[in-house]
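Colleague: Questions regarding the structure given below will be posed in turn.
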Amino acid sequence: MSVATAARRIFRALGTLCFPPYCAACKSATGPGIHLCAGCAETVRHIVPPFCERCSQPFDGAITQAFTCPNCADRDVHFECAVAAFRSHGVVRDFIHDFKYNGQRHLLRPLADWLAHTLDDPRISSRPFDAFVPVPLHHIRFREREFNQAAELATLVSQRCGVPVLHALKRTRHTSTQTKLDRAERMENLRGAFLVRHIAGVKERHLVLVDDVFTTGSTVEECSRVLMRAGAASVRVITVARG
Ligand SMILES: [Zn+2]
Ligand SMILES: [Zn+2]
């Protein structure tokens, strides 16, 4: 066997290891680079109009013009819009969870593919921006998890569209888990949890904040607030999924 053939085989084996040729949800056989079989792909819920222009909350019914939901109307938010193409449900929710908590790092690729859909949304594509800013993890959590899912997602979408990643934020407080808190309690819990580490880098810049999932929006709102206070020109948000 020539050196070139051996090298090719090793690369192929490594590729299969990183991107196994089976459905990541039901384990049925697919092709190389295909992460979901047709059956599982069909269960993914797209966010389709009508939805809130600001937070992408979908609504039933026949609303044809742009609108903001009651949730956003009575709230002074610092991001222009939070865009997600999918609901946090079924396979999408499972992939985010397995990627974050169960060490299934190969799921980064399908998650980044889903995140990349947001770049085609007119709320993002109609106006250029200067940098992607990942929502940071506190260093204690980073040590436990060994990676920041938002930073990894931001790096992949950055490679696709050529806009740089700016690690502009630092998480200064290790907040307790937010899942049992309501929106007001979450906001209170997050106050002072983030600071801007490169004020000169964000000043007058148009930024796109990146996170894995938008639930109540408290985390991205607190990040947007500190970025705007540091002089950012605008903050828009993209996430893989929306609760
Ligand atoms: Zn499947
Ligand atoms: Zn809304």
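In the structure tokens, chains take the letters A, B, ... in the order shown, each chain's residues start at 1, and ligands count up from 1 in the order shown.
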Check every protein, DNA and RNA residue against ligand 1, keep those with an atom at most 7 Å away (counting only C-alpha atoms and all ligand atoms), and present them as a ChimeraX atom specification.
Modeller: /A:23-28,36-40
Colleague: Taking 4 positions as the minimum chain separation for residues in the same chain, which residues sit within 10 Å of A:Ala85 when counting only C-alpha atoms? Answer as a ChimeraX atom specification.
Modeller: /A:45-48,56,114-121,238-242
Colleague: Restricting the calculation to only C-alpha atoms, which member of A:Thr172, A:Ser88, A:Asn71, A:Ser224 is positioned closest to A:Arg197?
Modeller: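 Ranked by minimum distance to A:Arg197, first place goes to A:Thr172.
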Colleague: All residues within 8 Å of ligand 2 are required, counting only C-alpha atoms and all ligand atoms; please report them as a PyMOL selection string.
Modeller: chain A and resi 51-57+68-73
Colleague: For A:Glu42, which residue among A:Val196, A:Met228, A:Val92, A:Ile124 is the nearest when counting only C-alpha atoms?
Modeller: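 Selected residue with least distance to A:Glu42: A:Val92.
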Colleague: For the structure I just gave you, how does DSSP split stretch 17-239 of chain A - specifically, which residues are strand (DSSP E or B)? Reply as a ChimeraX atom specification.
Modeller: /A:22,29,46,51,58,82-83,86-87,131-134,165,169-171,194-196,206-214,234-239
Colleague: Limited to C-alpha atoms, could you put the picked residues into a file as a PDB file, in the first residue's frame?
Modeller:
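The result, stored in selection.pdb:
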```pdb
ATOM      1  CA  TYR A  22     -25.559   7.093  10.547  1.00  0.00           C
ATOM      2  CA  ALA A  29     -27.618   4.247   8.189  1.00  0.00           C
ATOM      3  CA  HIS A  46     -39.274  25.095  11.485  1.00  0.00           C
ATOM      4  CA  PHE A  51     -43.978  35.159  14.385  1.00  0.00           C
ATOM      5  CA  PRO A  58     -44.558  31.912  16.566  1.00  0.00           C
ATOM      6  CA  ALA A  82     -33.601  37.288  18.247  1.00  0.00           C
ATOM      7  CA  VAL A  83     -33.649  34.978  15.250  1.00  0.00           C
ATOM      8  CA  PHE A  86     -36.223  25.997  14.574  1.00  0.00           C
ATOM      9  CA  ARG A  87     -38.224  25.201  17.683  1.00  0.00           C
ATOM     10  CA  ALA A 131     -18.650  40.479  14.427  1.00  0.00           C
ATOM     11  CA  PHE A 132     -20.246  37.438  16.017  1.00  0.00           C
ATOM     12  CA  VAL A 133     -20.109  37.606  19.822  1.00  0.00           C
ATOM     13  CA  PRO A 134     -20.616  34.273  21.645  1.00  0.00           C
ATOM     14  CA  VAL A 165     -15.759  36.129  16.088  1.00  0.00           C
ATOM     15  CA  LEU A 169     -17.910  39.325  26.846  1.00  0.00           C
ATOM     16  CA  LYS A 170     -16.751  37.744  30.060  1.00  0.00           C
ATOM     17  CA  ARG A 171     -18.976  35.975  32.544  1.00  0.00           C
ATOM     18  CA  PHE A 194     -21.390  39.739  32.339  1.00  0.00           C
ATOM     19  CA  LEU A 195     -18.899  42.433  31.507  1.00  0.00           C
ATOM     20  CA  VAL A 196     -17.421  43.715  28.274  1.00  0.00           C
ATOM     21  CA  HIS A 206     -22.920  46.145  14.762  1.00  0.00           C
ATOM     22  CA  LEU A 207     -22.859  42.821  16.611  1.00  0.00           C
ATOM     23  CA  VAL A 208     -24.566  39.461  16.324  1.00  0.00           C
ATOM     24  CA  LEU A 209     -24.741  37.637  19.628  1.00  0.00           C
ATOM     25  CA  VAL A 210     -24.640  33.818  19.373  1.00  0.00           C
ATOM     26  CA  ASP A 211     -26.160  31.274  21.758  1.00  0.00           C
ATOM     27  CA  ASP A 212     -27.450  27.717  21.469  1.00  0.00           C
ATOM     28  CA  VAL A 213     -31.032  28.247  22.569  1.00  0.00           C
ATOM     29  CA  PHE A 214     -33.387  31.143  23.287  1.00  0.00           C
ATOM     30  CA  SER A 234     -26.628  47.448  17.533  1.00  0.00           C
ATOM     31  CA  VAL A 235     -27.055  43.906  18.796  1.00  0.00           C
ATOM     32  CA  ARG A 236     -28.989  41.190  16.996  1.00  0.00           C
ATOM     33  CA  VAL A 237     -29.197  37.624  18.324  1.00  0.00           C
ATOM     34  CA  ILE A 238     -29.031  34.251  16.575  1.00  0.00           C
ATOM     35  CA  THR A 239     -29.654  30.876  18.214  1.00  0.00           C
TER      36      THR A 239
END
```
Colleague: Which of these residues is nearest to A:Pro110, using only C-alpha atoms: A:Phe67, A:His198, A:Ile34, A:Gly243?
Modeller: A:Ile34
Colleague: Grab the atom CA of A:Ser158 to atom CA of A:Ser218 distance for me, in Å with one decimal place.
Modeller: 24.3 Å
Colleague: Tell me which of A:Arg160, A:Arg191, A:His89, A:Arg173 sits closest to A:Pro136, counting only C-alpha atoms.
Modeller: A:Arg173
Colleague: Write out as a PyMOL selection string which residues come within 8 Å of A:Pro50 when counting only C-alpha atoms, dropping same-chain ones fewer than 3 positions away.
Modeller: chain A and resi 58-64
Colleague: Please determine, counting only C-alpha atoms, which residue among A:Arg225, A:Arg105, A:Arg205, A:Arg145 has the shortest atom-to-atom distance to A:Leu166.
Modeller: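 For A:Leu166, the nearest of the candidates is A:Arg205.
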